[in-house]
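Quick look at structure.txt (compact mmCIF, C-alpha atoms):
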# COMPACT_ATOMS: atom_id res chain seq x y z
CA MET A 1 -12.45 8.30 2.64
CA ARG A 2 -9.35 6.85 4.28
CA VAL A 3 -7.17 4.56 2.15
CA LEU A 4 -4.45 2.14 3.29
CA GLY A 5 -1.69 1.20 0.85
CA ILE A 6 0.44 -1.86 1.57
CA ASP A 7 3.82 -2.74 0.05
CA PRO A 8 4.25 -6.43 0.92
CA GLY A 9 7.60 -7.71 2.09
CA LEU A 10 8.71 -10.52 4.35
CA ARG A 11 11.23 -8.44 6.32
CA ASN A 12 9.65 -5.01 5.92
CA MET A 13 6.00 -4.51 5.04
CA GLY A 14 5.45 -0.85 4.17
CA TRP A 15 2.14 0.84 4.91
CA GLY A 16 0.76 4.26 4.15
CA ILE A 17 -2.52 5.95 5.05
CA ILE A 18 -4.06 8.83 3.13
CA ASP A 19 -7.38 10.63 3.32
CA MET A 20 -9.15 11.59 0.13
CA ASP A 21 -11.75 14.31 -0.06
CA GLY A 22 -12.85 14.52 -3.67
CA PRO A 23 -9.69 15.14 -5.67
CA ARG A 24 -7.72 16.27 -2.57
CA LEU A 25 -5.35 13.81 -0.93
CA ARG A 26 -3.84 14.25 2.54
CA HIS A 27 -1.12 12.23 4.24
CA VAL A 28 -2.19 10.67 7.54
CA ALA A 29 0.62 8.28 8.50
CA ASN A 30 3.15 5.80 7.14
CA GLY A 31 5.53 3.23 8.48
CA VAL A 32 6.89 -0.28 8.28
CA VAL A 33 5.92 -3.50 10.02
CA ARG A 34 9.09 -5.49 10.58
CA SER A 35 9.10 -9.27 10.96
CA GLU A 36 12.52 -9.29 12.62
CA ALA A 37 11.93 -6.46 15.08
CA ASP A 38 13.38 -8.21 18.10
CA GLY A 39 15.56 -10.76 16.32
CA SER A 40 13.65 -13.67 17.86
CA ALA A 41 11.43 -14.46 14.88
CA THR A 42 13.54 -16.68 12.66
CA ASP A 43 11.07 -19.21 11.31
CA LEU A 44 8.65 -18.26 8.57
CA ALA A 45 5.46 -18.87 10.57
CA ALA A 46 6.59 -16.59 13.40
CA ARG A 47 7.61 -13.87 10.94
CA LEU A 48 4.25 -14.04 9.14
CA SER A 49 2.49 -13.84 12.51
CA LEU A 50 4.43 -10.67 13.40
CA LEU A 51 3.48 -9.12 10.06
CA PHE A 52 -0.20 -9.99 10.52
CA ARG A 53 -0.35 -8.64 14.08
CA GLY A 54 1.54 -5.48 13.14
CA LEU A 55 -0.61 -4.73 10.10
CA SER A 56 -3.79 -5.52 12.06
CA ALA A 57 -2.69 -3.01 14.72
CA VAL A 58 -2.21 -0.32 12.03
CA ILE A 59 -5.70 -1.04 10.70
CA ALA A 60 -7.21 -0.89 14.20
CA GLN A 61 -5.45 2.40 14.97
CA TYR A 62 -6.19 4.29 11.72
CA ARG A 63 -9.48 2.63 10.67
CA PRO A 64 -9.17 2.87 6.88
CA ASP A 65 -12.23 2.54 4.64
CA ALA A 66 -10.38 0.76 1.81
CA ALA A 67 -7.04 -0.93 1.22
CA ALA A 68 -4.77 -1.75 -1.70
CA VAL A 69 -1.83 -4.11 -2.09
CA GLU A 70 0.88 -4.24 -4.71
CA GLN A 71 0.91 -7.42 -6.76
CA THR A 72 3.95 -9.67 -6.56
CA PHE A 73 6.36 -9.75 -9.44
CA VAL A 74 8.05 -13.04 -10.30
CA ASN A 75 11.83 -13.05 -10.25
CA LYS A 76 14.50 -15.65 -10.87
CA ASP A 77 14.58 -16.82 -7.25
CA ALA A 78 11.56 -19.12 -6.92
CA THR A 79 12.00 -19.52 -3.15
CA GLY A 80 12.18 -15.75 -2.63
CA THR A 81 9.11 -15.23 -4.82
CA LEU A 82 7.18 -17.85 -2.83
CA LYS A 83 8.10 -16.22 0.50
CA LEU A 84 7.12 -12.80 -0.85
CA GLY A 85 3.83 -14.33 -1.98
CA GLN A 86 3.21 -15.57 1.56
CA ALA A 87 3.87 -12.07 2.94
CA ARG A 88 1.51 -10.72 0.29
CA GLY A 89 -1.11 -13.18 1.57
CA ILE A 90 -0.80 -11.51 4.98
CA ALA A 91 -1.13 -8.09 3.31
CA LEU A 92 -4.42 -9.26 1.77
CA LEU A 93 -5.67 -11.14 4.84
CA ALA A 94 -5.30 -8.44 7.49
CA PRO A 95 -7.51 -5.84 5.74
CA ALA A 96 -9.97 -8.52 4.58
CA GLU A 97 -10.33 -9.71 8.19
CA ALA A 98 -11.13 -6.10 9.13
CA GLY A 99 -13.94 -6.09 6.54
CA LEU A 100 -12.15 -3.89 4.00
CA GLU A 101 -12.39 -4.22 0.24
CA VAL A 102 -8.86 -4.73 -1.07
CA GLY A 103 -7.64 -3.51 -4.45
CA GLU A 104 -4.61 -5.03 -6.14
CA TYR A 105 -2.27 -3.22 -8.52
CA ALA A 106 0.74 -4.24 -10.57
CA PRO A 107 3.89 -2.21 -9.83
CA ASN A 108 3.77 -0.64 -13.32
CA ALA A 109 0.14 0.44 -12.80
CA VAL A 110 1.09 2.17 -9.54
CA LYS A 111 4.00 3.95 -11.24
CA LYS A 112 1.87 4.97 -14.20
CA THR A 113 -0.84 6.38 -11.94
CA VAL A 114 1.52 8.26 -9.61
CA VAL A 115 4.27 9.34 -12.05
CA GLY A 116 2.65 8.99 -15.46
CA VAL A 117 5.23 6.45 -16.64
CA GLY A 118 4.98 2.72 -15.97
CA HIS A 119 8.72 2.15 -15.71
CA ALA A 120 9.57 5.07 -13.42
CA GLY A 121 12.40 4.70 -10.92
CA LYS A 122 11.99 4.72 -7.16
CA GLU A 123 13.31 8.29 -6.93
CA GLN A 124 10.67 9.49 -9.41
CA VAL A 125 7.90 7.73 -7.50
CA GLN A 126 9.07 9.21 -4.20
CA HIS A 127 9.27 12.68 -5.75
CA MET A 128 5.70 12.48 -7.08
CA VAL A 129 4.41 11.14 -3.75
CA ARG A 130 5.98 14.23 -2.12
CA VAL A 131 4.31 16.45 -4.75
CA GLN A 132 0.89 14.88 -4.16
CA LEU A 133 1.27 14.76 -0.36
CA PRO A 134 3.10 18.00 0.53
CA GLY A 135 5.25 17.84 3.64
CA VAL A 136 5.24 14.04 3.85
CA GLN A 137 8.21 12.34 5.49
CA PHE A 138 8.72 8.63 4.75
CA GLU A 139 9.95 6.15 7.31
CA ASN A 140 11.78 4.45 4.42
CA ALA A 141 11.38 3.43 0.75
CA ASP A 142 8.87 0.68 1.64
CA ALA A 143 6.59 3.23 3.32
CA ALA A 144 6.95 5.57 0.30
CA ASP A 145 5.93 2.72 -2.01
CA ALA A 146 2.92 2.00 0.22
CA LEU A 147 1.83 5.64 -0.03
CA ALA A 148 2.13 5.40 -3.82
CA ILE A 149 -0.12 2.32 -3.74
CA ALA A 150 -2.65 4.23 -1.60
CA ILE A 151 -2.56 7.16 -4.06
CA CYS A 152 -3.10 4.76 -6.98
CA HIS A 153 -6.09 3.19 -5.24
CA ALA A 154 -7.54 6.59 -4.35
CA HIS A 155 -7.38 7.65 -8.01
CA HIS A 156 -9.08 4.42 -9.08
CA LEU A 157 -11.78 4.87 -6.44
CA GLN A 158 -12.36 8.44 -7.65
CA GLY A 159 -12.68 7.19 -11.22
CA ARG A 160 -15.13 4.51 -10.14
CA SER A 161 -17.25 7.08 -8.25
CA LEU A 162 -17.30 9.33 -11.29
CA ARG A 163 -18.38 6.46 -13.57
CA VAL A 164 -21.18 5.53 -11.15
CA ALA A 165 -22.36 9.16 -10.99
CA VAL A 166 -22.38 9.42 -14.80
CA ALA A 167 -24.25 6.12 -15.11
CA ARG A 168 -26.89 7.38 -12.70
CA GLY A 169 -27.27 10.58 -14.68
CA GLY A 170 -25.72 12.70 -11.94
CA MET A 171 -23.06 14.26 -14.18
CA ALA A 172 -22.76 14.91 -17.85

Represent the structure from my file as structure tokens, please.
Amino acid sequence: MRVLGIDPGLRNMGWGIIDMDGPRLRHVANGVVRSEADGSATDLAARLSLLFRGLSAVIAQYRPDAAAVEQTFVNKDATGTLKLGQARGIALLAPAEAGLEVGEYAPNAVKKTVVGVGHAGKEQVQHMVRVQLPGVQFENADAADALAIAICHAHHLQGRSLRVAVARGGMA
């Protein structure tokens, strides 16, 4: 199964693709969709359009089976939080338009799944992503976060599959 992780951002939307085969995870690709790539997109609508088209192109190229998005945290800057929420809407819309089921995870849930600690630092998360995806090179921190989100979703999908198998009497 191929999983897309998305780290929403208005300037830089990180994405990461992994393949899961049972408990094995393999890095496929990662990158960033930028809303200011050519400097011409200054208004919010144009920037959101660039994010949607860029993320849709990633989905078309890599054809994931599932997607996951990090939930937005609320900070002191209400305007910044609102803009991030709009970018997050794009991160939810693009995979939904492609017919993908989209999981959502709080930042602490991603950290707990990937590192084992809900308040881990970025360096710890990046280290554990490298451990779980040997040889991976990140485009930047946003792409690393997106891979962590994909890993988190893969683990949750594995847990769900196991629960279904147990419920059907397939495993004891």

What is the CA of Ile90 in chain A to CA of Thr42 in chain A distance in Å?
17.1 Å

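With CA of Val131 in chain A on one side and CA of Val102 in chain A on the other, the separation reads 25.2 Å.
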
Interatomic distance between CA of Gly31 in chain A and CA of His119 in chain A?
24.4 Å

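Distances here use only C-alpha atoms; by that measure, the residue among A:Cys152, A:Leu133, A:Val114, A:Leu82 closest to Gly9 in chain A is A:Leu82.
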
With only C-alpha atoms as the basis for distance, which of A:Pro95, A:Gly121, A:Gly22, A:Gly14 is at the shortest distance from Pro107 in chain A?
A:Gly121

Excluding Val69 in chain A and any residue of its chain fewer than 6 positions from it, enumerate the residues within 7 Å of it, using all atoms listed in the file, and give them as a ChimeraX atom specification.
/A:5-7,91-92,103-105,149

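The closest residue to Gly85 in chain A, picked from A:Gln71, A:Thr113, A:Glu123, A:Glu97 and counting all atoms listed in the file, is A:Gln71.
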